[in-house]
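**Q** protein18.csv is reproduced below (CSV, C-alpha atoms).
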chain,number,residue,atom,x,y,z
Q,1,MET,CA,27.1,-38.2,148.5
Q,2,LYS,CA,23.9,-38.6,150.5
Q,3,ALA,CA,25.3,-37.2,153.8
Q,4,PRO,CA,26.4,-33.8,152.3
Q,5,LYS,CA,23.0,-33.5,150.6
Q,6,VAL,CA,21.2,-34.1,153.9
Q,7,LEU,CA,23.5,-31.7,155.8
Q,8,GLY,CA,23.0,-29.1,153.1
Q,9,ALA,CA,19.2,-29.4,153.3
Q,10,ALA,CA,19.4,-29.2,157.1
Q,11,ALA,CA,21.6,-26.1,156.9
Q,12,ILE,CA,19.2,-24.4,154.5
Q,13,THR,CA,16.2,-25.3,156.6
Q,14,ALA,CA,17.8,-24.1,159.7
Q,15,GLY,CA,18.8,-20.8,158.0
Q,16,LEU,CA,15.3,-20.4,156.7
Q,17,LEU,CA,13.8,-20.9,160.1
Q,18,LEU,CA,16.2,-18.5,161.7
Q,19,LEU,CA,15.4,-15.9,159.1
Q,20,ALA,CA,11.7,-16.6,159.0
Q,21,LEU,CA,11.1,-16.3,162.7
Q,22,PRO,CA,11.8,-12.5,163.0
Q,23,CYS,CA,9.7,-11.9,159.9
Q,24,PHE,CA,6.5,-12.7,161.8
Q,25,ALA,CA,7.5,-11.9,165.4
Q,26,HIS,CA,6.7,-8.4,166.7
Q,27,HIS,CA,9.1,-9.0,169.6
Q,28,SER,CA,9.3,-11.8,172.1
Q,29,PHE,CA,7.2,-11.5,175.1
Q,30,ALA,CA,9.2,-14.5,176.4
Q,31,ALA,CA,12.2,-12.3,176.8
Q,32,GLU,CA,10.5,-10.2,179.4
Q,33,PHE,CA,8.0,-12.7,180.8
Q,34,ASP,CA,8.4,-16.2,182.0
Q,35,ALA,CA,6.4,-18.6,179.8
Q,36,ASN,CA,7.1,-21.3,182.4
Q,37,ASN,CA,5.6,-19.2,185.2
Q,38,CYS,CA,2.0,-18.7,184.1
Q,39,ARG,CA,-1.1,-18.9,186.2
Q,40,GLU,CA,-4.8,-18.0,186.2
Q,41,PHE,CA,-6.1,-14.9,187.8
Q,42,THR,CA,-9.6,-13.8,188.7
Q,43,GLY,CA,-10.4,-10.3,189.9
Q,44,ILE,CA,-12.3,-7.1,189.5
Q,45,LEU,CA,-11.4,-4.9,186.5
Q,46,THR,CA,-10.6,-1.5,187.9
Q,47,LYS,CA,-8.8,0.5,185.1
Q,48,ILE,CA,-7.5,0.4,181.5
Q,49,ASP,CA,-4.4,2.3,180.2
Q,50,TRP,CA,-5.3,2.5,176.5
Q,51,GLN,CA,-1.9,3.6,175.2
Q,52,ASN,CA,0.9,2.3,173.0
Q,53,PRO,CA,3.1,0.3,172.6
Q,54,HIS,CA,0.9,-1.9,174.9
Q,55,GLY,CA,-2.3,-1.6,176.7
Q,56,TYR,CA,-2.4,-2.3,180.4
Q,57,PHE,CA,-5.5,-3.3,182.4
Q,58,TYR,CA,-5.7,-3.6,186.2
Q,59,LEU,CA,-7.5,-6.2,188.4
Q,60,ASP,CA,-8.1,-6.2,192.1
Q,61,ILE,CA,-7.2,-9.7,193.1
Q,62,LYS,CA,-7.7,-11.4,196.5
Q,63,ASP,CA,-4.7,-13.4,197.7
Q,64,SER,CA,-5.1,-16.7,199.6
Q,65,GLY,CA,-5.3,-14.7,202.8
Q,66,GLY,CA,-8.2,-12.5,201.5
Q,67,LYS,CA,-6.0,-9.4,201.1
Q,68,VAL,CA,-6.9,-7.5,197.9
Q,69,GLU,CA,-4.0,-6.4,195.7
Q,70,SER,CA,-3.9,-4.5,192.4
Q,71,TRP,CA,-2.3,-6.4,189.5
Q,72,SER,CA,-1.4,-4.9,186.1
Q,73,PHE,CA,-1.5,-6.9,182.9
Q,74,GLN,CA,0.1,-6.1,179.6
Q,75,THR,CA,-1.8,-6.6,176.3
Q,76,TYR,CA,-1.0,-6.6,172.6
Q,77,ALA,CA,-0.4,-3.3,171.0
Q,78,LEU,CA,-3.7,-1.4,170.6
Q,79,ILE,CA,-3.8,-1.8,166.8
Q,80,THR,CA,-3.6,-5.5,167.2
Q,81,LEU,CA,-6.3,-5.6,169.8
Q,82,LYS,CA,-8.6,-3.4,167.6
Q,83,ARG,CA,-8.0,-5.5,164.5
Q,84,ALA,CA,-8.9,-8.6,166.6
Q,85,GLY,CA,-12.2,-7.0,167.6
Q,86,VAL,CA,-11.2,-5.8,171.1
Q,87,ASP,CA,-11.6,-2.0,171.6
Q,88,ARG,CA,-11.3,0.3,174.5
Q,89,GLN,CA,-15.0,0.3,175.1
Q,90,PHE,CA,-14.9,-3.5,175.8
Q,91,PHE,CA,-12.7,-2.7,178.8
Q,92,VAL,CA,-14.8,0.3,179.9
Q,93,ASP,CA,-18.0,-1.7,179.8
Q,94,ASN,CA,-16.4,-4.4,182.0
Q,95,ILE,CA,-15.0,-2.1,184.7
Q,96,GLY,CA,-16.3,-3.3,188.1
Q,97,LYS,CA,-16.9,-6.7,186.8
Q,98,GLU,CA,-15.2,-10.0,187.4
Q,99,ILE,CA,-12.6,-11.0,184.8
Q,100,TRP,CA,-10.6,-14.2,184.3
Q,101,VAL,CA,-7.1,-14.0,182.9
Q,102,LYS,CA,-4.4,-16.4,182.1
Q,103,GLY,CA,-1.0,-14.6,182.3
Q,104,CYS,CA,2.7,-15.1,182.8
Q,105,LEU,CA,4.9,-13.3,185.4
Q,106,ALA,CA,7.8,-11.0,184.7
Q,107,LYS,CA,11.2,-12.6,184.6
Q,108,ASN,CA,12.8,-9.7,186.6
Q,109,GLY,CA,10.7,-10.4,189.6
Q,110,ARG,CA,8.5,-7.4,189.5
Q,111,THR,CA,5.5,-8.1,191.7
Q,112,ASN,CA,1.8,-7.9,190.7
Q,113,TYR,CA,2.7,-7.6,187.1
Q,114,ALA,CA,2.1,-10.1,184.2
Q,115,ALA,CA,1.6,-10.4,180.5
Q,116,ALA,CA,-2.0,-11.3,179.7
Q,117,GLY,CA,-2.4,-14.3,177.3
Q,118,LEU,CA,-6.1,-15.0,177.5
Q,119,LEU,CA,-9.1,-13.1,179.0
Q,120,LYS,CA,-12.7,-14.0,179.8
Q,121,ALA,CA,-15.2,-11.4,180.7
Q,122,PRO,CA,-18.8,-12.1,182.0
Q,123,ASP,CA,-19.9,-12.6,178.4
Q,124,GLY,CA,-17.9,-15.9,178.4
Q,125,VAL,CA,-16.0,-15.2,175.2
Q,126,LEU,CA,-12.3,-16.2,175.3
Q,127,ARG,CA,-10.3,-13.4,173.9
Q,128,GLN,CA,-6.6,-13.4,173.1
Q,129,MET,CA,-4.7,-10.5,174.8
Q,130,GLY,CA,-1.1,-11.2,174.0
Q,131,GLN,CA,1.5,-13.4,172.4
Q,132,LEU,CA,2.2,-15.7,175.3
Q,133,GLN,CA,-0.4,-18.3,174.3
Q,134,ASP,CA,1.1,-18.2,170.8
Q,135,GLU,CA,4.5,-19.0,172.0
Q,136,ARG,CA,3.7,-21.9,174.3
D,1,MET,CA,20.7,-1.4,132.7
D,2,LYS,CA,21.5,-4.8,134.2
D,3,LEU,CA,19.3,-3.9,137.2
D,4,LEU,CA,16.5,-2.8,134.8
D,5,ARG,CA,16.5,-6.1,132.9
D,6,TYR,CA,16.4,-8.0,136.2
D,7,ASP,CA,13.4,-5.9,137.3
D,8,VAL,CA,11.5,-6.4,134.1
D,9,ALA,CA,12.1,-10.2,134.3
D,10,CYS,CA,11.2,-10.3,138.0
D,11,THR,CA,8.0,-8.3,137.4
D,12,ALA,CA,6.9,-10.8,134.7
D,13,VAL,CA,7.5,-13.8,137.0
D,14,LEU,CA,5.9,-12.2,140.0
D,15,MET,CA,2.9,-11.2,138.1
D,16,LEU,CA,2.3,-14.8,137.2
D,17,PHE,CA,3.2,-16.2,140.6
D,18,PHE,CA,1.4,-13.7,142.9
D,19,ILE,CA,-1.8,-13.5,140.9
D,20,LEU,CA,-2.5,-16.9,142.5
D,21,PRO,CA,-3.3,-17.2,146.1
D,22,LEU,CA,-0.8,-19.1,148.3
D,23,PRO,CA,-1.7,-22.8,148.1
D,24,THR,CA,-3.3,-24.3,151.2
D,25,ASP,CA,-4.5,-27.8,152.1
D,26,ALA,CA,-8.0,-28.0,150.5
D,27,GLN,CA,-9.1,-30.5,153.1
D,28,THR,CA,-8.3,-28.2,156.0
D,29,THR,CA,-9.0,-24.8,154.6
D,30,GLU,CA,-12.7,-25.1,155.1
D,31,GLN,CA,-12.4,-25.1,158.9
D,32,TYR,CA,-10.9,-21.6,158.9
D,33,THR,CA,-13.0,-18.5,159.2
D,34,ILE,CA,-10.1,-16.2,158.1
D,35,LYS,CA,-8.7,-17.3,154.8
D,36,VAL,CA,-6.3,-16.2,152.1
D,37,MET,CA,-7.7,-13.1,150.4
D,38,PRO,CA,-8.4,-13.7,146.7
D,39,PRO,CA,-6.3,-11.6,144.2
D,40,GLY,CA,-9.2,-9.4,143.3
D,41,GLY,CA,-9.7,-7.5,140.0
D,42,PRO,CA,-7.1,-6.0,137.7
D,43,THR,CA,-4.3,-3.7,138.8
D,44,PRO,CA,-5.6,-0.2,139.2
D,45,ARG,CA,-3.6,2.4,137.2
D,46,LEU,CA,-2.4,6.0,137.7
D,47,ALA,CA,-3.2,8.7,135.2
D,48,ASP,CA,0.2,8.1,133.6
D,49,GLY,CA,-0.5,4.4,133.1
D,50,HIS,CA,1.7,3.0,135.8
D,51,PRO,CA,0.3,0.7,138.6
D,52,ASP,CA,-1.4,2.7,141.4
D,53,LEU,CA,0.0,1.3,144.6
D,54,SER,CA,-2.5,3.3,146.8
D,55,GLY,CA,-4.3,1.6,149.6
D,56,LEU,CA,-4.1,0.5,153.2
D,57,TRP,CA,-1.9,-2.7,153.2
D,58,LEU,CA,-1.5,-5.3,155.9
D,59,PRO,CA,1.5,-7.6,156.2
D,60,ASN,CA,-0.3,-10.9,155.8
D,61,SER,CA,-2.4,-12.7,153.2
D,62,ALA,CA,-5.8,-12.2,154.8
D,63,GLY,CA,-6.6,-8.6,154.1
D,64,GLN,CA,-7.6,-8.2,157.8
D,65,GLY,CA,-5.9,-8.5,161.2
D,66,VAL,CA,-4.7,-12.0,162.0
D,67,SER,CA,-3.0,-11.7,165.4
D,68,GLY,CA,-5.1,-12.4,168.5
D,69,ARG,CA,-7.7,-14.1,166.4
D,70,TYR,CA,-9.0,-17.7,166.2
D,71,GLY,CA,-9.8,-19.6,163.0
D,72,VAL,CA,-7.0,-18.2,160.9
D,73,ASP,CA,-5.6,-20.3,158.1
D,74,PRO,CA,-1.8,-20.4,158.6
D,75,ALA,CA,-1.4,-19.5,154.9
D,76,ALA,CA,-3.4,-16.3,155.6
D,77,ARG,CA,-1.0,-15.3,158.4
D,78,ARG,CA,2.2,-15.3,156.3
D,79,GLN,CA,3.5,-13.1,153.6
D,80,PHE,CA,5.3,-15.8,151.7
D,81,ASP,CA,5.5,-19.5,151.6
D,82,PRO,CA,9.2,-20.4,152.3
D,83,LYS,CA,8.7,-23.7,150.4
D,84,MET,CA,7.7,-21.7,147.3
D,85,THR,CA,9.9,-18.7,147.6
D,86,PRO,CA,12.7,-19.5,150.1
D,87,GLU,CA,14.8,-16.7,151.5
D,88,GLU,CA,18.5,-17.3,152.0
D,89,PRO,CA,19.9,-16.2,155.3
D,90,PRO,CA,22.2,-13.1,155.1
D,91,SER,CA,25.9,-13.9,154.6
D,92,PHE,CA,27.6,-12.0,157.4
D,93,GLN,CA,31.3,-11.3,157.5
D,94,SER,CA,32.9,-13.2,160.4
D,95,TRP,CA,33.4,-10.1,162.6
D,96,ALA,CA,29.7,-9.1,162.1
D,97,ALA,CA,28.5,-12.7,162.9
D,98,ALA,CA,30.6,-12.7,166.0
D,99,LYS,CA,29.2,-9.3,167.1
D,100,ILE,CA,25.6,-10.5,166.7
D,101,LYS,CA,26.4,-13.8,168.5
D,102,ALA,CA,27.9,-12.0,171.5
D,103,MET,CA,24.5,-10.3,172.2
D,104,THR,CA,22.6,-11.8,175.2
D,105,PRO,CA,18.9,-12.5,174.6
D,106,THR,CA,18.0,-9.4,176.7
D,107,GLU,CA,20.5,-7.2,174.9
D,108,LEU,CA,18.9,-8.4,171.6
D,109,GLU,CA,15.5,-7.6,172.9
D,110,LEU,CA,16.6,-4.1,174.0
D,111,SER,CA,17.9,-3.5,170.5
D,112,LYS,CA,14.5,-4.0,168.9
D,113,SER,CA,12.6,-1.0,167.7
D,114,SER,CA,9.4,-2.7,168.8
D,115,VAL,CA,10.9,-2.5,172.4
D,116,ASN,CA,12.8,0.7,172.5
D,117,CYS,CA,10.5,2.7,170.3
D,118,MET,CA,13.2,4.0,168.0
D,119,PRO,CA,12.1,4.3,164.4
D,120,ARG,CA,12.5,1.0,162.5
D,121,GLY,CA,14.1,2.7,159.6
D,122,VAL,CA,14.4,1.4,156.0
D,123,PRO,CA,14.3,-1.4,155.1
D,124,ALA,CA,13.2,-2.8,158.5
D,125,ILE,CA,9.9,-0.9,158.3
D,126,TRP,CA,9.1,-3.2,155.4
D,127,LEU,CA,10.7,-6.3,156.8
D,128,GLN,CA,9.7,-6.2,160.5
D,129,ASN,CA,6.5,-4.3,160.8
D,130,PRO,CA,3.4,-6.1,162.0
D,131,TYR,CA,1.1,-3.0,161.4
D,132,GLY,CA,-0.6,-1.4,158.5
D,133,THR,CA,0.9,0.9,155.9
D,134,MET,CA,-1.1,3.3,153.8
D,135,LEU,CA,0.3,4.1,150.4
D,136,VAL,CA,-0.7,7.3,148.6
D,137,HIS,CA,0.4,7.2,145.1
D,138,LYS,CA,0.4,10.0,142.4
D,139,PRO,CA,2.4,10.4,139.2
D,140,GLY,CA,5.8,11.5,140.3
D,141,ILE,CA,5.4,10.9,144.0
D,142,PHE,CA,5.0,7.9,146.3
D,143,VAL,CA,3.9,8.5,149.9
D,144,GLN,CA,4.2,5.9,152.6
D,145,LEU,CA,2.2,6.4,155.8
D,146,PHE,CA,3.1,3.8,158.5
D,147,GLU,CA,0.9,3.1,161.5
D,148,VAL,CA,4.0,2.2,163.5
D,149,LEU,CA,5.2,5.3,165.3
D,150,ASN,CA,3.3,7.4,162.8
D,151,ASN,CA,6.4,7.3,160.5
D,152,PHE,CA,6.2,8.5,156.9
D,153,ARG,CA,8.2,8.7,153.7
D,154,VAL,CA,7.8,10.8,150.6
D,155,ILE,CA,9.7,9.3,147.7
D,156,PRO,CA,10.0,11.1,144.4
D,157,THR,CA,9.4,9.1,141.3
D,158,ASP,CA,9.8,11.9,138.8
D,159,GLY,CA,13.5,11.2,137.9
D,160,SER,CA,14.9,13.3,140.8
D,161,PRO,CA,18.4,12.3,141.7
D,162,HIS,CA,19.7,11.5,145.2
D,163,ALA,CA,20.5,14.5,147.4
D,164,LYS,CA,23.9,16.0,146.6
D,165,TYR,CA,25.0,15.9,150.2
D,166,PRO,CA,22.7,13.3,151.8
D,167,GLU,CA,22.4,13.2,155.6
D,168,PRO,CA,22.2,9.9,157.5
D,169,LEU,CA,18.4,9.4,158.1
D,170,PHE,CA,16.3,6.6,159.5
D,171,HIS,CA,14.6,6.3,156.1
D,172,GLY,CA,17.7,7.2,154.1
D,173,ASP,CA,17.6,9.2,150.9
D,174,SER,CA,15.4,7.3,148.4
D,175,VAL,CA,14.4,7.9,144.8
D,176,GLY,CA,12.1,5.9,142.7
D,177,ARG,CA,11.9,4.9,139.1
D,178,TRP,CA,9.7,2.6,137.1
D,179,ALA,CA,11.1,-0.7,135.6
D,180,GLY,CA,8.1,-2.0,133.7
D,181,ASP,CA,5.3,-2.3,136.2
D,182,THR,CA,7.7,-2.4,139.1
D,183,LEU,CA,8.5,0.7,141.1
D,184,VAL,CA,12.1,0.5,142.1
D,185,ASP,CA,13.3,2.6,145.0
D,186,ASP,CA,17.0,3.2,145.5
D,187,GLY,CA,18.0,4.1,149.0
D,188,ILE,CA,21.3,5.3,150.5
D,189,SER,CA,22.5,7.3,153.6
D,190,PHE,CA,20.9,5.4,156.5
D,191,ASP,CA,21.2,6.2,160.2
D,192,GLU,CA,23.4,3.4,161.7
D,193,ARG,CA,21.2,3.1,164.8
D,194,THR,CA,18.7,0.9,163.0
D,195,PHE,CA,18.6,-2.9,162.5
D,196,ILE,CA,17.7,-4.7,159.3
D,197,MET,CA,16.0,-7.5,161.2
D,198,PRO,CA,15.1,-7.8,164.9
D,199,ASN,CA,17.8,-10.6,165.2
D,200,GLY,CA,20.8,-8.3,165.7
D,201,TRP,CA,21.4,-7.7,162.0
D,202,PHE,CA,23.0,-4.3,162.1
D,203,HIS,CA,24.3,-2.2,159.2
D,204,SER,CA,27.1,0.1,158.3
D,205,ASP,CA,27.2,3.6,156.7
D,206,GLU,CA,27.6,1.8,153.3
D,207,LEU,CA,24.1,0.3,153.4
D,208,HIS,CA,22.4,0.4,150.0
D,209,VAL,CA,18.8,-0.7,149.8
D,210,ILE,CA,16.7,-1.5,146.7
D,211,GLU,CA,13.0,-1.8,147.3
D,212,ARG,CA,10.8,-3.3,144.5
D,213,TYR,CA,7.1,-2.7,144.6
D,214,SER,CA,4.5,-4.3,142.4
D,215,ARG,CA,0.7,-4.7,142.4
D,216,PRO,CA,-0.2,-7.8,140.3
D,217,SER,CA,-3.9,-7.4,141.1
D,218,MET,CA,-6.2,-5.2,143.1
D,219,ASN,CA,-5.8,-6.9,146.5
D,220,TYR,CA,-2.1,-7.8,146.4
D,221,LEU,CA,1.0,-5.6,146.9
D,222,ILE,CA,4.4,-7.4,146.5
D,223,VAL,CA,7.5,-5.9,148.2
D,224,GLN,CA,10.9,-7.3,147.7
D,225,ILE,CA,14.0,-5.8,149.4
D,226,THR,CA,17.7,-6.1,148.5
D,227,VAL,CA,20.2,-5.2,151.1
D,228,ASP,CA,23.8,-4.5,150.0
D,229,ASP,CA,26.2,-3.7,152.8
D,230,PRO,CA,29.8,-4.5,151.8
D,231,LYS,CA,31.2,-3.7,155.3
D,232,VAL,CA,28.9,-6.2,157.0
D,233,LEU,CA,27.8,-8.8,154.4
D,234,THR,CA,29.9,-10.9,152.1
D,235,LYS,CA,27.3,-10.5,149.4
D,236,PRO,CA,23.9,-8.7,148.9
D,237,TRP,CA,20.8,-10.3,150.4
D,238,THR,CA,17.4,-10.3,148.8
D,239,SER,CA,14.2,-11.0,150.6
D,240,ALA,CA,11.5,-13.3,149.3
D,241,PRO,CA,8.8,-11.3,147.5
D,242,ARG,CA,6.5,-10.5,150.4
D,243,ARG,CA,2.8,-10.1,150.0
D,244,TRP,CA,0.8,-7.4,151.6
D,245,THR,CA,-3.0,-7.4,151.2
D,246,LEU,CA,-5.5,-4.7,150.8
D,247,ALA,CA,-7.5,-3.9,153.9
D,248,ASN,CA,-10.9,-2.2,154.1
D,249,ASP,CA,-9.9,-0.5,157.3
D,250,LYS,CA,-8.7,2.8,158.7
D,251,ILE,CA,-5.1,3.8,159.5
D,252,ASN,CA,-4.4,3.9,163.2
D,253,GLU,CA,-2.4,6.3,165.4
D,254,PHE,CA,0.5,4.8,167.2
D,255,TYR,CA,2.5,7.1,169.4
D,256,CYS,CA,4.8,5.2,171.8
D,257,THR,CA,4.1,7.0,175.0
D,258,ASN,CA,3.7,4.4,177.7
D,259,ASN,CA,6.6,2.0,177.2
D,260,HIS,CA,7.2,-0.1,180.3
D,261,GLU,CA,9.3,-2.7,178.5
D,262,LEU,CA,12.5,-0.7,178.3
D,263,GLU,CA,12.6,-0.2,182.1
D,264,GLU,CA,11.7,-3.8,182.8
D,265,LEU,CA,14.2,-5.2,180.4
D,266,GLU,CA,16.9,-2.9,181.8
D,267,LYS,CA,16.2,-4.3,185.3
D,268,LEU,CA,16.4,-7.8,183.9
D,269,LYS,CA,19.7,-7.0,182.2
D,270,GLY,CA,21.0,-5.7,185.5
D,271,LEU,CA,20.0,-8.9,187.2
D,272,GLU,CA,21.7,-11.0,184.5
D,273,SER,CA,24.9,-9.0,184.8
D,274,GLN,CA,24.9,-9.9,188.5
D,275,GLY,CA,24.5,-13.5,187.6
D,276,LYS,CA,21.0,-13.8,189.1
In structure tokens, what does this structure look like?
**A**
Amino acid sequence: MKAPKVLGAAAITAGLLLLALPCFAHHSFAAEFDANNCREFTGILTKIDWQNPHGYFYLDIKDSGGKVESWSFQTYALITLKRAGVDRQFFVDNIGKEIWVKGCLAKNGRTNYAAAGLLKAPDGVLRQMGQLQDER
Amino acid sequence: MKLLRYDVACTAVLMLFFILPLPTDAQTTEQYTIKVMPPGGPTPRLADGHPDLSGLWLPNSAGQGVSGRYGVDPAARRQFDPKMTPEEPPSFQSWAAAKIKAMTPTELELSKSSVNCMPRGVPAIWLQNPYGTMLVHKPGIFVQLFEVLNNFRVIPTDGSPHAKYPEPLFHGDSVGRWAGDTLVDDGISFDERTFIMPNGWFHSDELHVIERYSRPSMNYLIVQITVDDPKVLTKPWTSAPRRWTLANDKINEFYCTNNHELEELEKLKGLESQGK
């Protein structure tokens, strides 16, 4: 009788987990970005697109050969950023400054494009920019 | 009448249960800077004596944003504790389960309103919405203003019947009535392009949704959804009573105008279909 009880409990737990996951997930960044292909970036902030469903900011980043390329980084939805204390003015104030980002690359191979997970501006505060760091 | 008795009983149980904050580990709670919001004062009332559900509500137990922040008590992130109020998974008919299972991860992602910017619809807008909702409540009328995609609903609570010839709508045709201190919305006639949950759970034209709203205290709104869909499910499904908390915040605009995800995921789907 013990085995069916254990199996039953396992089935209920699995069902609850399956159902609970989408309750809290907005959508999965990991569907579009590769959580196993993440890296750190450092570059100069050049622009912010403050639009929904996601913000995008742009960094000029030097590659290993010294060539500068523009990269775009996806953020949380603007409402989420704002409720986490990151507003548009934060990006405006940091344009032209050096920014550190940890982000993950797109699964479809699009170049110079990543989802931002963490960001550090010259003030040294580590800010969450997206879900990737939550999912790892 | 059977539904009415159920609602009155549910209201009584929920009033007792949700007036208390979700339990947390006392030894670890102190380390968090964002905690479970206390219940607050008594339930505010409308001029007609019914609970006033007005306020800006967030889908968590913190009364403030929790995503993208450090120091959040896990209990403050959630709307219910599955150990205390477990939710059964939906019971799909075999053909429906097979249809969902056949979706690839990318197809599943493309179906999500958070990706394709289609309206979430009812009841998804209460089940899969991470943003705030402002409720404006007057005797006879219940207005829901959603941040997400700037959607809105106006639900009569004055005894109005369903439309004689209801059209399929993303938010359906809903009418509200009071069962004790619970406002019960009855919804029919839903657009079939929406999903109940962002896990492929689609619905048919026979979807019937019951939404139960209660406010056991100043800071807590409890929303419980029942989904009846005899073409897709083998039996009705009822959500856990989910807690929304009152936020001292403004409602935000959210027009989906710069959506890169659809294009990027379509490219990924194309690569997947080529076996790359």
**Q** Tell me, as a PyMOL selection string, which residues lie within 7 Å of range 33-46 of chain Q, counting only C-alpha atoms; anything in the same chain fewer than 6 positions away does not count.
**A** chain Q and resi 58-61+94-107+115+132+136
**Q** Please report the interatomic distance between CA of Asn150 in chain D and CA of Phe170 in chain D in Å with one decimal.
**A**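 Between CA of Asn150 in chain D and CA of Phe170 in chain D the gap is 13.4 Å.
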**Q** Would you mind telling me which residue in D:Ile155, D:Val115, D:Ile222, D:Leu135 lies nearest to Ala240 in chain D when using all atoms listed in the file?
**A**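 The answer is D:Ile222, which sits nearest to Ala240 in chain D.
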**Q** Write out as JSON lines the residues of chain D that have any atom within 8 Å of an atom of chain Q, one row each with the nearest atom pair and its distance in Å to one decimal, counting only C-alpha atoms, sorted by chain and then rising number.
**A**
{"residue": "D:Gln64", "atom": "CA", "partner": "Q:Arg83", "partner_atom": "CA", "distance": 7.2}
{"residue": "D:Gly65", "atom": "CA", "partner": "Q:Arg83", "partner_atom": "CA", "distance": 4.9}
{"residue": "D:Val66", "atom": "CA", "partner": "Q:Ala84", "partner_atom": "CA", "distance": 7.1}
{"residue": "D:Ser67", "atom": "CA", "partner": "Q:Thr80", "partner_atom": "CA", "distance": 6.5}
{"residue": "D:Gly68", "atom": "CA", "partner": "Q:Gln128", "partner_atom": "CA", "distance": 4.9}
{"residue": "D:Arg69", "atom": "CA", "partner": "Q:Ala84", "partner_atom": "CA", "distance": 5.6}
{"residue": "D:Arg78", "atom": "CA", "partner": "Q:Phe24", "partner_atom": "CA", "distance": 7.4}
{"residue": "D:Pro82", "atom": "CA", "partner": "Q:Leu16", "partner_atom": "CA", "distance": 7.5}
{"residue": "D:Pro86", "atom": "CA", "partner": "Q:Leu16", "partner_atom": "CA", "distance": 7.2}
{"residue": "D:Glu87", "atom": "CA", "partner": "Q:Leu16", "partner_atom": "CA", "distance": 6.4}
{"residue": "D:Glu88", "atom": "CA", "partner": "Q:Leu16", "partner_atom": "CA", "distance": 6.5}
{"residue": "D:Pro89", "atom": "CA", "partner": "Q:Gly15", "partner_atom": "CA", "distance": 5.4}
{"residue": "D:Pro105", "atom": "CA", "partner": "Q:Ala31", "partner_atom": "CA", "distance": 7.1}
{"residue": "D:Thr106", "atom": "CA", "partner": "Q:Ala31", "partner_atom": "CA", "distance": 6.5}
{"residue": "D:Glu109", "atom": "CA", "partner": "Q:Ala31", "partner_atom": "CA", "distance": 6.9}
{"residue": "D:Lys112", "atom": "CA", "partner": "Q:His27", "partner_atom": "CA", "distance": 7.4}
{"residue": "D:Ser114", "atom": "CA", "partner": "Q:His27", "partner_atom": "CA", "distance": 6.4}
{"residue": "D:Val115", "atom": "CA", "partner": "Q:His27", "partner_atom": "CA", "distance": 7.3}
{"residue": "D:Leu127", "atom": "CA", "partner": "Q:Cys23", "partner_atom": "CA", "distance": 6.5}
{"residue": "D:Gln128", "atom": "CA", "partner": "Q:Cys23", "partner_atom": "CA", "distance": 5.7}
{"residue": "D:Asn129", "atom": "CA", "partner": "Q:His26", "partner_atom": "CA", "distance": 7.2}
{"residue": "D:Pro130", "atom": "CA", "partner": "Q:His26", "partner_atom": "CA", "distance": 6.2}
{"residue": "D:Tyr131", "atom": "CA", "partner": "Q:Ile79", "partner_atom": "CA", "distance": 7.4}
{"residue": "D:Met197", "atom": "CA", "partner": "Q:Pro22", "partner_atom": "CA", "distance": 6.8}
{"residue": "D:Pro198", "atom": "CA", "partner": "Q:Pro22", "partner_atom": "CA", "distance": 6.0}
{"residue": "D:Asn199", "atom": "CA", "partner": "Q:Pro22", "partner_atom": "CA", "distance": 6.7}
{"residue": "D:Asn252", "atom": "CA", "partner": "Q:Ile79", "partner_atom": "CA", "distance": 6.8}
{"residue": "D:Phe254", "atom": "CA", "partner": "Q:Asn52", "partner_atom": "CA", "distance": 6.3}
{"residue": "D:Tyr255", "atom": "CA", "partner": "Q:Asn52", "partner_atom": "CA", "distance": 6.2}
{"residue": "D:Cys256", "atom": "CA", "partner": "Q:Asn52", "partner_atom": "CA", "distance": 5.0}
{"residue": "D:Thr257", "atom": "CA", "partner": "Q:Asn52", "partner_atom": "CA", "distance": 6.0}
{"residue": "D:Asn258", "atom": "CA", "partner": "Q:Asn52", "partner_atom": "CA", "distance": 5.9}
{"residue": "D:Asn259", "atom": "CA", "partner": "Q:Pro53", "partner_atom": "CA", "distance": 6.0}
{"residue": "D:Glu261", "atom": "CA", "partner": "Q:Glu32", "partner_atom": "CA", "distance": 7.6}
{"residue": "D:Glu264", "atom": "CA", "partner": "Q:Asn108", "partner_atom": "CA", "distance": 7.1}
{"residue": "D:Leu265", "atom": "CA", "partner": "Q:Glu32", "partner_atom": "CA", "distance": 6.3}
{"residue": "D:Lys267", "atom": "CA", "partner": "Q:Asn108", "partner_atom": "CA", "distance": 6.5}
{"residue": "D:Leu268", "atom": "CA", "partner": "Q:Asn108", "partner_atom": "CA", "distance": 4.9}
{"residue": "D:Leu271", "atom": "CA", "partner": "Q:Asn108", "partner_atom": "CA", "distance": 7.3}
**Q** What's the 8 Å shell around Ser113 in chain D, counting all atoms listed in the file, without same-chain residues fewer than 4 positions away, as a list in words?
**A**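 Counting only the stated atoms, we get Cys117, Met118, Pro119, Arg120, Thr194 and Pro198 of chain D.
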**Q** I need the residues from that last selection saved to file as a compact mmCIF listing (two decimals), in the coordinates of the input (with C-alpha atoms), if you can.
**A**
# COMPACT_ATOMS: atom_id res chain seq x y z
CA CYS D 117 10.50 2.70 170.30
CA MET D 118 13.20 4.00 168.00
CA PRO D 119 12.10 4.30 164.40
CA ARG D 120 12.50 1.00 162.50
CA THR D 194 18.70 0.90 163.00
CA PRO D 198 15.10 -7.80 164.90
**Q** Which distance in Å separates CA of Thr133 in chain D and CA of Asn248 in chain D, to one decimal?
**A**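 CA of Asn248 in chain D lies at a distance of 12.3 Å from CA of Thr133 in chain D.
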